[in-house]
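What follows is run.cif (mmCIF, C-alpha atoms and all ligand atoms).
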```
data_coords
#
loop_
_atom_site.label_atom_id
_atom_site.label_comp_id
_atom_site.auth_asym_id
_atom_site.auth_seq_id
_atom_site.Cartn_x
_atom_site.Cartn_y
_atom_site.Cartn_z
CA MET A 1 76.35 -250.17 230.48
CA ILE A 2 73.77 -247.85 228.90
CA GLU A 3 72.50 -245.34 231.38
CA LEU A 4 69.11 -243.71 231.38
CA LYS A 5 70.56 -240.30 230.55
CA ASP A 6 72.17 -241.76 227.37
CA ILE A 7 68.82 -243.09 226.26
CA GLU A 8 67.20 -239.72 226.95
CA THR A 9 69.90 -237.89 224.99
CA ALA A 10 69.50 -240.28 222.07
CA GLN A 11 65.75 -239.75 222.13
CA GLU A 12 66.15 -235.99 222.20
CA THR A 13 68.28 -236.01 219.10
CA SER A 14 66.46 -238.73 217.15
CA VAL A 15 65.28 -237.56 213.76
CA PHE A 16 61.60 -238.18 214.37
CA SER A 17 61.59 -236.57 217.80
CA GLN A 18 63.05 -233.43 216.24
CA ILE A 19 60.56 -233.48 213.37
CA SER A 20 57.81 -233.97 215.88
CA GLU A 21 59.10 -231.08 218.04
CA PHE A 22 59.01 -228.70 215.07
CA GLN A 23 55.80 -230.25 213.67
CA HIS A 24 57.01 -230.71 210.11
CA GLU A 25 54.86 -232.28 207.43
CA GLN A 26 57.70 -233.85 205.52
CA VAL A 27 61.47 -233.99 205.60
CA VAL A 28 63.27 -235.33 202.55
CA PHE A 29 66.82 -236.65 202.69
CA CYS A 30 68.47 -236.47 199.27
CA HIS A 31 71.62 -238.41 198.49
CA ASP A 32 73.58 -239.01 195.31
CA HIS A 33 76.75 -241.02 195.38
CA GLU A 34 78.08 -239.84 191.99
CA THR A 35 77.92 -236.10 192.68
CA GLY A 36 78.38 -236.30 196.46
CA LEU A 37 75.08 -234.55 197.04
CA LYS A 38 73.80 -234.67 200.61
CA ALA A 39 70.78 -232.46 201.05
CA ILE A 40 67.81 -232.17 203.37
CA ILE A 41 64.56 -230.51 202.32
CA GLY A 42 62.33 -229.43 205.19
CA ILE A 43 58.65 -228.91 204.41
CA HIS A 44 57.19 -227.45 207.55
CA ASN A 45 53.63 -226.53 206.68
CA THR A 46 51.67 -226.27 203.43
CA VAL A 47 48.24 -225.22 204.71
CA LEU A 48 48.50 -221.81 203.02
CA GLY A 49 50.25 -222.95 199.84
CA PRO A 50 53.42 -224.58 198.52
CA ALA A 51 56.39 -224.45 200.87
CA LEU A 52 58.76 -221.77 199.64
CA GLY A 53 62.22 -221.07 200.99
CA GLY A 54 65.82 -220.91 199.89
CA THR A 55 68.49 -223.57 199.62
CA ARG A 56 71.56 -223.00 201.78
CA MET A 57 74.90 -224.73 201.19
CA TRP A 58 77.05 -224.80 204.29
CA THR A 59 79.92 -226.71 205.90
CA TYR A 60 77.89 -228.07 208.79
CA ALA A 61 79.91 -229.56 211.64
CA SER A 62 77.56 -232.56 211.69
CA GLU A 63 74.50 -233.97 209.95
CA ALA A 64 72.55 -233.32 213.14
CA GLU A 65 73.44 -229.62 212.89
CA ALA A 66 72.27 -229.54 209.25
CA LEU A 67 68.97 -231.15 210.22
CA ARG A 68 68.48 -228.71 213.08
CA ASP A 69 69.16 -225.78 210.75
CA VAL A 70 66.73 -226.89 208.05
CA LEU A 71 63.98 -227.60 210.59
CA ARG A 72 64.42 -224.22 212.29
CA LEU A 73 64.67 -222.25 209.06
CA SER A 74 61.71 -223.92 207.34
CA ARG A 75 59.48 -223.31 210.35
CA GLY A 76 60.55 -219.66 210.26
CA MET A 77 59.44 -219.46 206.63
CA THR A 78 55.97 -220.74 207.56
CA TYR A 79 55.45 -217.87 209.99
CA LYS A 80 57.07 -215.27 207.76
CA SER A 81 54.75 -216.01 204.85
CA ALA A 82 51.69 -216.43 207.05
CA ILE A 83 52.08 -213.10 208.81
CA SER A 84 52.74 -211.35 205.51
CA GLY A 85 49.39 -212.48 204.12
CA LEU A 86 50.99 -214.66 201.44
CA ASN A 87 49.49 -217.92 200.29
CA LEU A 88 52.70 -219.82 200.83
CA GLY A 89 53.80 -222.49 203.21
CA GLY A 90 57.20 -222.78 204.84
CA GLY A 91 60.12 -224.78 203.50
CA LYS A 92 63.87 -224.65 203.27
CA ALA A 93 66.67 -226.88 202.03
CA VAL A 94 70.27 -227.36 203.11
CA ILE A 95 73.09 -228.93 201.16
CA ILE A 96 75.94 -230.21 203.29
CA GLY A 97 79.32 -229.19 201.90
CA ASP A 98 81.74 -226.43 201.06
CA SER A 99 80.08 -224.22 198.47
CA LYS A 100 83.44 -223.07 197.09
CA ARG A 101 85.02 -226.54 196.88
CA ASP A 102 82.35 -229.22 196.52
CA LYS A 103 79.75 -227.68 194.24
CA THR A 104 79.40 -228.82 190.63
CA GLU A 105 76.86 -228.40 187.85
CA ALA A 106 75.95 -232.08 188.19
CA MET A 107 75.34 -231.74 191.93
CA MET A 108 73.09 -228.71 191.46
CA ARG A 109 71.10 -230.40 188.69
CA LYS A 110 70.75 -233.59 190.72
CA PHE A 111 69.39 -231.49 193.56
CA GLY A 112 67.02 -229.87 191.05
CA ARG A 113 65.66 -233.33 190.19
CA PHE A 114 64.97 -234.04 193.87
CA VAL A 115 63.08 -230.73 194.09
CA ASN A 116 61.18 -231.66 190.95
CA ASN A 117 60.12 -234.99 192.44
CA LEU A 118 58.14 -233.05 195.04
CA ASN A 119 55.86 -231.81 192.25
CA GLY A 120 55.70 -228.20 193.44
CA LYS A 121 55.08 -228.93 197.10
CA TYR A 122 58.44 -227.23 197.69
CA ILE A 123 59.67 -224.22 195.69
CA THR A 124 63.30 -223.38 196.15
CA ALA A 125 65.22 -220.09 195.94
CA GLU A 126 68.71 -218.73 196.62
CA ASP A 127 70.20 -218.61 200.12
CA MET A 128 73.69 -218.53 201.63
CA GLY A 129 76.34 -220.41 199.68
CA MET A 130 74.27 -220.45 196.47
CA THR A 131 74.64 -218.28 193.39
CA THR A 132 72.46 -217.18 190.51
CA GLN A 133 74.29 -219.69 188.30
CA ASP A 134 73.44 -222.51 190.74
CA MET A 135 69.78 -221.54 190.60
CA ALA A 136 69.97 -221.57 186.82
CA TYR A 137 71.34 -225.17 186.97
CA ILE A 138 68.57 -226.22 189.37
CA GLY A 139 66.10 -224.52 187.01
CA MET A 140 67.25 -226.81 184.19
CA GLU A 141 65.76 -229.78 186.08
CA THR A 142 62.70 -228.23 187.69
CA LYS A 143 60.34 -225.33 187.21
CA HIS A 144 59.85 -225.11 190.97
CA VAL A 145 62.49 -222.47 191.51
CA ALA A 146 61.97 -218.76 192.26
CA GLY A 147 63.99 -215.63 192.99
CA LEU A 148 65.73 -215.78 189.63
CA PRO A 149 67.45 -212.70 188.16
CA GLU A 150 65.33 -210.33 186.12
CA SER A 151 67.29 -211.30 183.00
CA GLN A 152 65.89 -214.83 183.42
CA GLY A 153 62.32 -213.64 183.96
CA GLY A 154 62.60 -213.59 187.74
CA SER A 155 62.00 -210.93 190.39
CA GLY A 156 65.70 -210.09 190.85
CA ASP A 157 67.59 -209.11 193.99
CA PRO A 158 65.15 -209.14 196.94
CA SER A 159 67.44 -207.06 199.19
CA PRO A 160 66.04 -203.58 198.35
CA VAL A 161 62.54 -204.84 199.18
CA THR A 162 63.75 -206.47 202.40
CA ALA A 163 65.44 -203.20 203.36
CA TYR A 164 62.23 -201.25 202.70
CA GLY A 165 60.24 -203.60 204.96
CA THR A 166 62.85 -203.36 207.69
CA TYR A 167 62.74 -199.57 207.42
CA MET A 168 58.91 -199.66 207.71
CA GLY A 169 59.14 -201.92 210.77
CA MET A 170 61.72 -199.61 212.33
CA LYS A 171 59.50 -196.57 211.77
CA ALA A 172 56.56 -198.37 213.40
CA ALA A 173 58.77 -199.20 216.39
CA ALA A 174 59.86 -195.53 216.61
CA LYS A 175 56.21 -194.48 216.63
CA ARG A 176 55.57 -196.89 219.48
CA ALA A 177 58.60 -195.69 221.44
CA TRP A 178 58.48 -191.93 220.88
CA GLY A 179 55.01 -191.18 219.48
CA SER A 180 56.38 -190.18 216.08
CA ASP A 181 57.71 -192.41 213.33
CA SER A 182 60.28 -189.86 212.24
CA LEU A 183 63.84 -191.15 212.39
CA ALA A 184 65.35 -187.70 211.90
CA GLY A 185 68.14 -187.15 214.41
CA LYS A 186 67.88 -190.69 215.78
CA ARG A 187 71.16 -192.45 216.56
CA ILE A 188 70.94 -195.85 214.90
CA SER A 189 73.56 -198.61 215.00
CA VAL A 190 73.54 -200.95 211.99
CA GLN A 191 75.41 -204.24 212.35
CA GLY A 192 76.20 -205.49 208.83
CA THR A 193 76.35 -203.32 205.75
CA GLY A 194 75.69 -206.07 203.19
CA HIS A 195 72.94 -206.34 200.62
CA VAL A 196 70.12 -205.33 202.95
CA GLY A 197 72.10 -203.21 205.43
CA GLY A 198 73.46 -201.07 202.60
CA TYR A 199 70.00 -200.15 201.29
CA LEU A 200 68.69 -199.65 204.81
CA ILE A 201 71.46 -197.15 205.61
CA ASP A 202 70.44 -195.19 202.50
CA TYR A 203 66.87 -194.87 203.82
CA LEU A 204 68.15 -193.80 207.25
CA VAL A 205 70.51 -191.16 205.87
CA LYS A 206 67.79 -189.81 203.58
CA GLU A 207 65.55 -189.29 206.60
CA GLY A 208 68.23 -187.47 208.57
CA ALA A 209 69.11 -190.23 211.02
CA GLN A 210 72.62 -190.62 212.38
CA PRO A 211 73.90 -194.14 211.54
CA PHE A 212 76.75 -195.94 213.30
CA ILE A 213 77.92 -198.87 211.21
CA THR A 214 80.09 -201.94 211.56
CA ASP A 215 81.05 -204.87 209.32
CA MET A 216 83.72 -207.53 209.02
CA ASP A 217 84.28 -206.42 205.46
CA GLN A 218 86.45 -203.33 206.02
CA GLU A 219 86.43 -202.26 202.38
CA ARG A 220 82.67 -202.25 202.13
CA LEU A 221 82.45 -200.45 205.45
CA LYS A 222 84.80 -197.69 204.34
CA ARG A 223 82.99 -197.27 201.03
CA ILE A 224 79.57 -196.96 202.68
CA ALA A 225 80.91 -194.62 205.35
CA ALA A 226 82.42 -192.37 202.67
CA ASN A 227 79.17 -192.28 200.69
CA THR A 228 76.84 -191.71 203.61
CA LYS A 229 78.92 -189.98 206.32
CA ALA A 230 77.91 -192.76 208.73
CA THR A 231 80.24 -193.26 211.71
CA VAL A 232 82.29 -196.46 211.65
CA VAL A 233 82.43 -198.42 214.92
CA GLY A 234 84.14 -201.66 216.01
CA LEU A 235 82.60 -205.13 215.63
CA ASP A 236 82.15 -205.57 219.37
CA GLU A 237 81.84 -201.89 220.27
CA ILE A 238 78.42 -201.79 218.58
CA TYR A 239 76.77 -203.42 221.62
CA ASP A 240 77.94 -200.67 224.00
CA LEU A 241 76.91 -197.64 221.96
CA ASP A 242 74.58 -195.05 223.35
CA VAL A 243 72.01 -195.22 220.55
CA ASP A 244 68.25 -194.98 220.14
CA ILE A 245 67.93 -197.98 217.82
CA TYR A 246 70.02 -201.11 217.32
CA SER A 247 69.56 -202.76 213.93
CA PRO A 248 71.01 -206.28 213.57
CA CYS A 249 71.57 -206.84 209.84
CA ALA A 250 74.25 -209.56 209.81
CA MET A 251 73.97 -212.81 211.76
CA GLY A 252 71.37 -214.22 214.15
CA ALA A 253 71.36 -214.68 217.95
CA THR A 254 72.96 -211.30 218.69
CA ILE A 255 70.36 -210.69 221.38
CA ASN A 256 71.58 -212.98 224.11
CA ASP A 257 72.54 -213.05 227.80
CA ASN A 258 75.83 -211.32 227.09
CA THR A 259 74.66 -208.48 224.84
CA LEU A 260 71.45 -207.74 226.74
CA GLN A 261 73.47 -206.34 229.64
CA ARG A 262 75.25 -203.99 227.29
CA LEU A 263 72.53 -202.65 224.98
CA LYS A 264 71.37 -199.10 225.73
CA CYS A 265 68.86 -198.69 222.91
CA GLN A 266 65.10 -198.26 223.24
CA VAL A 267 64.27 -200.05 219.99
CA ILE A 268 65.64 -203.11 218.18
CA ALA A 269 64.68 -203.44 214.52
CA GLY A 270 66.81 -205.20 211.93
CA CYS A 271 66.69 -207.63 209.03
CA ALA A 272 68.76 -210.54 210.41
CA ASN A 273 66.96 -213.85 210.88
CA ASN A 274 66.54 -215.38 214.36
CA GLN A 275 67.86 -212.37 216.31
CA LEU A 276 66.75 -213.66 219.71
CA LYS A 277 69.10 -216.40 220.84
CA ASP A 278 66.35 -217.99 222.89
CA GLU A 279 62.92 -216.57 222.14
CA THR A 280 61.39 -217.73 225.42
CA VAL A 281 64.14 -216.10 227.48
CA HIS A 282 65.22 -213.03 225.54
CA GLY A 283 61.77 -212.03 224.26
CA PRO A 284 60.41 -211.46 227.80
CA ALA A 285 63.79 -210.02 228.92
CA LEU A 286 63.47 -207.22 226.36
CA VAL A 287 59.98 -206.41 227.67
CA ASP A 288 61.37 -206.20 231.21
CA MET A 289 64.10 -203.84 230.02
CA GLY A 290 61.56 -201.62 228.24
CA ILE A 291 63.14 -202.25 224.84
CA ILE A 292 60.71 -202.37 221.93
CA TYR A 293 61.53 -205.30 219.66
CA ALA A 294 60.19 -205.39 216.09
CA PRO A 295 59.80 -209.13 215.29
CA ASP A 296 62.49 -210.18 212.80
CA PHE A 297 60.44 -212.53 210.62
CA LEU A 298 57.81 -209.85 210.18
CA ILE A 299 59.99 -206.87 209.30
CA ASN A 300 62.39 -208.81 207.05
CA ALA A 301 59.58 -210.34 204.97
CA GLY A 302 60.09 -207.98 202.02
CA GLY A 303 62.31 -210.56 200.33
CA ILE A 304 59.73 -213.34 200.42
CA ILE A 305 57.04 -210.88 199.34
CA ASN A 306 59.22 -210.05 196.33
CA VAL A 307 59.68 -213.75 195.47
CA TYR A 308 55.93 -214.30 195.84
CA SER A 309 55.36 -211.55 193.28
CA GLU A 310 57.41 -213.65 190.86
CA VAL A 311 55.50 -216.87 191.58
CA LYS A 312 52.17 -215.07 191.14
CA LYS A 313 53.34 -213.03 188.13
CA LEU A 314 52.93 -209.70 189.92
CA ASN A 315 55.48 -206.88 189.73
CA ARG A 316 57.88 -205.07 192.04
CA GLU A 317 55.45 -202.20 192.52
CA TRP A 318 53.01 -204.68 194.04
CA ALA A 319 55.80 -206.10 196.20
CA MET A 320 56.73 -202.64 197.52
CA GLN A 321 53.10 -201.78 198.29
CA GLN A 322 52.60 -205.07 200.09
CA THR A 323 55.86 -204.57 201.99
CA GLU A 324 54.70 -201.14 203.14
CA GLN A 325 51.95 -202.95 205.09
CA ILE A 326 54.66 -204.14 207.47
CA TYR A 327 54.34 -200.74 209.16
CA ASN A 328 50.69 -201.32 210.18
CA THR A 329 51.19 -204.97 211.02
CA THR A 330 54.09 -204.10 213.32
CA LEU A 331 51.99 -201.49 215.14
CA ASN A 332 49.15 -204.02 215.53
CA ILE A 333 51.55 -206.55 217.00
CA PHE A 334 52.87 -204.07 219.56
CA ALA A 335 49.30 -203.35 220.63
CA MET A 336 48.39 -207.03 220.81
CA ALA A 337 51.52 -207.91 222.77
CA GLU A 338 50.69 -205.28 225.37
CA ALA A 339 47.02 -206.25 225.59
CA GLU A 340 47.85 -209.93 226.04
CA GLY A 341 50.88 -209.40 228.26
CA ILE A 342 53.25 -211.30 225.97
CA HIS A 343 56.45 -210.36 224.17
CA THR A 344 56.29 -209.10 220.60
CA GLN A 345 57.85 -212.15 218.92
CA ALA A 346 55.28 -214.36 220.65
CA ALA A 347 52.49 -212.04 219.51
CA ALA A 348 53.72 -212.18 215.90
CA THR A 349 53.92 -215.98 216.02
CA ARG A 350 50.42 -216.16 217.48
CA ILE A 351 48.97 -214.03 214.67
CA ALA A 352 50.77 -216.10 212.02
CA GLN A 353 49.58 -219.37 213.58
CA LYS A 354 46.01 -218.07 213.79
CA ARG A 355 45.98 -217.31 210.07
CA ILE A 356 47.19 -220.85 209.34
CA ASP A 357 44.58 -222.38 211.66
CA ASP A 358 41.77 -220.24 210.20
CA MET A 359 42.72 -221.11 206.61
CA ALA A 360 42.96 -224.80 207.48
CA LYS A 361 39.31 -224.58 208.51
CA VAL A 362 38.39 -222.72 205.30
CA LYS A 363 39.95 -225.54 203.30
CA GLN A 364 37.99 -228.23 205.12
CA THR A 365 35.23 -228.10 202.53
CA TYR A 366 35.45 -228.34 198.77
P1 LIG B 1 74.99 -210.11 203.20
O1 LIG B 1 75.81 -211.33 203.28
O2 LIG B 1 74.92 -209.35 201.93
O3 LIG B 1 75.45 -209.07 204.33
C1 LIG B 1 75.80 -209.43 205.61
C2 LIG B 1 76.92 -208.50 206.04
O4 LIG B 1 77.17 -208.74 207.41
C3 LIG B 1 78.22 -208.74 205.29
O5 LIG B 1 78.70 -207.52 204.78
C4 LIG B 1 79.13 -209.35 206.33
O6 LIG B 1 80.48 -209.00 206.16
C5 LIG B 1 78.58 -208.75 207.60
N1 LIG B 1 78.88 -209.49 208.82
C6 LIG B 1 78.98 -210.84 209.00
N2 LIG B 1 79.29 -211.10 210.26
C7 LIG B 1 79.35 -209.93 210.93
C8 LIG B 1 79.62 -209.55 212.26
N3 LIG B 1 79.91 -210.44 213.20
N4 LIG B 1 79.59 -208.23 212.57
C9 LIG B 1 79.33 -207.30 211.64
N5 LIG B 1 79.08 -207.59 210.35
C10 LIG B 1 79.09 -208.89 210.00
O7 LIG B 1 73.54 -210.54 203.71
P2 LIG B 1 72.17 -209.77 203.50
O8 LIG B 1 71.49 -210.32 202.32
O9 LIG B 1 72.37 -208.31 203.64
O10 LIG B 1 71.35 -210.31 204.77
C11 LIG B 1 71.64 -209.85 206.07
C12 LIG B 1 70.78 -210.61 207.08
O11 LIG B 1 69.41 -210.46 206.75
C13 LIG B 1 71.02 -212.12 207.11
O12 LIG B 1 70.80 -212.57 208.42
C14 LIG B 1 69.92 -212.66 206.21
O13 LIG B 1 69.60 -214.00 206.52
C15 LIG B 1 68.79 -211.72 206.54
N6 LIG B 1 67.79 -211.58 205.48
C16 LIG B 1 68.14 -211.17 204.24
C17 LIG B 1 67.16 -211.04 203.25
C18 LIG B 1 67.51 -210.56 201.86
O14 LIG B 1 66.59 -210.20 201.11
N7 LIG B 1 68.75 -210.50 201.48
C19 LIG B 1 65.83 -211.36 203.54
C20 LIG B 1 65.49 -211.76 204.84
C21 LIG B 1 66.48 -211.88 205.80
#
```

Mind turning this structure into structure tokens?
Amino acid sequence: MIELKDIETAQETSVFSQISEFQHEQVVFCHDHETGLKAIIGIHNTVLGPALGGTRMWTYASEAEALRDVLRLSRGMTYKSAISGLNLGGGKAVIIGDSKRDKTEAMMRKFGRFVNNLNGKYITAEDMGMTTQDMAYIGMETKHVAGLPESQGGSGDPSPVTAYGTYMGMKAAAKRAWGSDSLAGKRISVQGTGHVGGYLIDYLVKEGAQPFITDMDQERLKRIAANTKATVVGLDEIYDLDVDIYSPCAMGATINDNTLQRLKCQVIAGCANNQLKDETVHGPALVDMGIIYAPDFLINAGGIINVYSEVKKLNREWAMQQTEQIYNTTLNIFAMAEAEGIHTQAAATRIAQKRIDDMAKVKQTY
């Protein structure tokens, strides 16, 4: 017998109820029997411009998980571009599969043809599980691809620009917390010393901060520690450190019920996406604890700003100047959050949504 709760569960997970929850414009399911391609392209919002966001290839446990990921990530791109003043909408794509085992040239090019069929409504770029070579294959079938290496006329590695934006956001948060944006002498824990984390640590060391670093990649960790004199700490130990600033630069959801009880910092500012496990719970919880949180999608927007410079044929100098604005925007968001009695992530989302709503009105007339 089918019980009411089963029907409710089915409704909650139905494709259209999820699309409706996230308010997407279009979700495209791409399938090709020959190459084994199974991809989902999420186009969240194109009020400001074409939906731009990377393609991620991942071994999702289920198709439902892949759909959830693409919906969440593409919505994040909408807000990231909107708050950064870019004329871009939000999109993202996921390919279901093992990037090391299942990927072929034919699969990538087939995916490129699906992207091409959208006629520029979605522009793709590199994300987890994809390589420069994959993007080159996709680029053989469509011109709607960005974030290519400089040798192919693209804007190159976005990580240094992302790191600069994160650094600017961190300085703004320091100003809010201590009245000065200087990071000299500040104890800063950095979780993840990858592409962005590595450049960020350079900025911190240059300014005289005292970094504490951790990473799963022990070799990389040792190399960075040797070059910068940063202190190496354990993967789990990082949450218990007595530091001024915690900077999540690896995976998302590290601010959760478990870690919140352990964190002793006054500021959180890092480049990882989706740092708050549950925005509605952990955003307000940080306010209650007196921790200043620099919204992730705002301070890690340097990468998308860099890709935008490629789409609009601008240069890296422009991208760096634009990224520097993150400092002022972050300060404005702190002020707005306080004035309106909301948490900082909510304030950032509100500002991004307002820009989209305002521009939708502008576009009402020819
Ligand atoms: P990356 O893969 O180069 O680096 C991530 C590092 O984190 C790796 O060295 C990895 O070993 C480490 N790591 C993974 N799990 C860990 C754990 N549990 N504890 C400690 N370290 C761990 O990635 P990246 O390009 O530096 O990006 C870092 C984060 O920033 C990601 O969340 C990414 O989505 C986000 N981001 C990156 C950019 C960009 O321009 N690269 C832009 C916006 C957002």

Exercise. What's the 8 Å shell around A:Lys110, counting all atoms listed in the file, without same-chain residues fewer than 4 positions away, as a VMD selection string?
Worked result: chain A and resid 32 35 37 106 114 138 141

For this session: May I have the residues within 9 Å of ligand LIG 1 (chain B), computed using only C-alpha atoms and all ligand atoms, as a VMD selection string?
Result: chain A and resid 127 to 128 157 to 163 190 to 199 213 to 218 220 to 221 234 to 236 238 248 to 252 254 270 to 275 296 to 297 299 to 304 306

Problem set entry | Spatial neighbours of A:Thr124, max dist 7 Å, only C-alpha atoms, sep filter under 5 positions, as a list in words |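 Contacts, in chain order: Leu52, Gly53, Gly54, Thr55, His144, Val145 and Ala146 of chain A.
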
For this session: Could you jot down the atom CA of A:Gly283 to atom CA of A:Pro295 separation for me, Å, one decimal place?
Result: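 Interatomic distance here is 9.6 Å.
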
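Atom CA of A:Gly208 to atom CA of A:Ile188 spans 10.8 Å [interatomic distance, one decimal].
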
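Using only C-alpha atoms for every distance, the candidate list A:Asp98, A:Thr132, A:Val47, A:Val307 yields A:Val47 as the residue closest to A:Gln364.
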
Problem set entry | For atom CA of A:Lys312 and atom CA of A:Ser84, the interatomic separation in Å (one decimal) | 14.9 Å

Exercise. Taking all atoms listed in the file into account, which of A:Met107, A:Ile123, A:Gly112, A:Ala51 comes nearest A:Met140?
Worked result: A:Gly112

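Across A:Leu276, A:Leu200, A:Met336, A:Ala82, the tightest approach to A:Thr259 is made by A:Leu276 when counting all atoms listed in the file.
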
For this session: Please provide as a PyMOL selection string all residues within 12 Å of A:Ser309, with the sequence filter that same-chain residues fewer than 5 positions apart are discarded (counting all atoms listed in the file).
Result: chain A and resi 86-88+146-148+153-156+158+161+302-304+314-323

For this session: Please provide as a list in words all residues within 12 Å of stretch 353-356 of chain A, with the sequence filter that same-chain residues fewer than 6 positions apart are discarded (counting all atoms listed in the file).
Result: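 Everything that qualifies: Asn45, Thr46, Val47, Leu48, Gly49, Arg75, Gly76, Thr78, Tyr79, Lys80, Ser81, Ala82, Ile83, Ser84, Gly85, Leu86, Asn87, Leu88, Gly89, Gly90, Ala346, Ala347, Val362 and Lys363 of chain A.
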
Exercise. Nearest to A:Tyr164: which of A:Ser74, A:Thr131, A:Gln325, A:Thr365 is it, counting only C-alpha atoms?
Worked result: A:Gln325

For this session: Using all atoms listed in the file, determine which residues lie at most 9 Å from A:Gln266, disregarding the query and same-chain residues fewer than 3 positions distant; provide the list as a count of residues only.
Result: 12

Seminar exercise, completed: Of A:Leu67, A:Gln133, A:Asn117, A:Thr59, the one nearest to A:Ile96 when counting all atoms listed in the file is A:Thr59

Build an axis-aligned box that encloses every atom of stretch 300-313 of chain A listed in the file, pad it by 4 Å on each side, and report its centre and edge lengths in Å to one decimal, as JSON.
```
{"center_x": 57.3, "center_y": -212.4, "center_z": 197.6, "size_x": 18.2, "size_y": 16.9, "size_z": 26.9}
```

Seminar exercise, completed: Nearest to A:Glu324, restricted to all atoms listed in the file and choosing among A:Arg72, A:Arg56, A:Lys171, A:His33, comes out as A:Lys171

How would stretch 160-172 of chain A read, as an mmCIF file, in the coordinates of the input, once N, CA, C and O atoms are built in?
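Listed below is the output, out-v6.cif:
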```cif
data_model
loop_
_atom_site.group_PDB
_atom_site.id
_atom_site.type_symbol
_atom_site.label_atom_id
_atom_site.label_comp_id
_atom_site.auth_asym_id
_atom_site.auth_seq_id
_atom_site.Cartn_x
_atom_site.Cartn_y
_atom_site.Cartn_z
ATOM 1 N N PRO A 160 66.632 -204.920 198.188
ATOM 2 C CA PRO A 160 66.040 -203.580 198.350
ATOM 3 C C PRO A 160 64.640 -203.645 198.961
ATOM 4 O O PRO A 160 64.263 -202.763 199.737
ATOM 5 N N VAL A 161 63.897 -204.705 198.636
ATOM 6 C CA VAL A 161 62.540 -204.840 199.180
ATOM 7 C C VAL A 161 62.617 -205.217 200.663
ATOM 8 O O VAL A 161 61.876 -204.686 201.491
ATOM 9 N N THR A 162 63.550 -206.109 200.984
ATOM 10 C CA THR A 162 63.750 -206.470 202.400
ATOM 11 C C THR A 162 64.121 -205.222 203.211
ATOM 12 O O THR A 162 63.600 -205.002 204.309
ATOM 13 N N ALA A 163 65.004 -204.412 202.650
ATOM 14 C CA ALA A 163 65.440 -203.200 203.360
ATOM 15 C C ALA A 163 64.256 -202.250 203.577
ATOM 16 O O ALA A 163 64.123 -201.655 204.661
ATOM 17 N N TYR A 164 63.388 -202.132 202.579
ATOM 18 C CA TYR A 164 62.230 -201.250 202.700
ATOM 19 C C TYR A 164 61.310 -201.721 203.834
ATOM 20 O O TYR A 164 60.832 -200.924 204.645
ATOM 21 N N GLY A 165 61.086 -203.031 203.896
ATOM 22 C CA GLY A 165 60.240 -203.600 204.960
ATOM 23 C C GLY A 165 60.860 -203.383 206.333
ATOM 24 O O GLY A 165 60.164 -203.056 207.302
ATOM 25 N N THR A 166 62.161 -203.545 206.411
ATOM 26 C CA THR A 166 62.850 -203.360 207.690
ATOM 27 C C THR A 166 62.735 -201.899 208.138
ATOM 28 O O THR A 166 62.501 -201.590 209.308
ATOM 29 N N TYR A 167 62.876 -201.019 207.163
ATOM 30 C CA TYR A 167 62.740 -199.570 207.420
ATOM 31 C C TYR A 167 61.312 -199.272 207.918
ATOM 32 O O TYR A 167 61.121 -198.532 208.898
ATOM 33 N N MET A 168 60.304 -199.868 207.287
ATOM 34 C CA MET A 168 58.910 -199.660 207.710
ATOM 35 C C MET A 168 58.695 -200.161 209.142
ATOM 36 O O MET A 168 58.048 -199.512 209.965
ATOM 37 N N GLY A 169 59.263 -201.340 209.430
ATOM 38 C CA GLY A 169 59.140 -201.920 210.770
ATOM 39 C C GLY A 169 59.823 -201.038 211.812
ATOM 40 O O GLY A 169 59.330 -200.847 212.924
ATOM 41 N N MET A 170 60.965 -200.482 211.423
ATOM 42 C CA MET A 170 61.720 -199.610 212.330
ATOM 43 C C MET A 170 60.931 -198.329 212.613
ATOM 44 O O MET A 170 60.871 -197.853 213.763
ATOM 45 N N LYS A 171 60.287 -197.799 211.587
ATOM 46 C CA LYS A 171 59.500 -196.570 211.770
ATOM 47 C C LYS A 171 58.300 -196.838 212.701
ATOM 48 O O LYS A 171 57.958 -196.016 213.546
ATOM 49 N N ALA A 172 57.695 -198.012 212.533
ATOM 50 C CA ALA A 172 56.560 -198.370 213.400
ATOM 51 C C ALA A 172 57.047 -198.475 214.851
ATOM 52 O O ALA A 172 56.366 -198.015 215.777
#
```
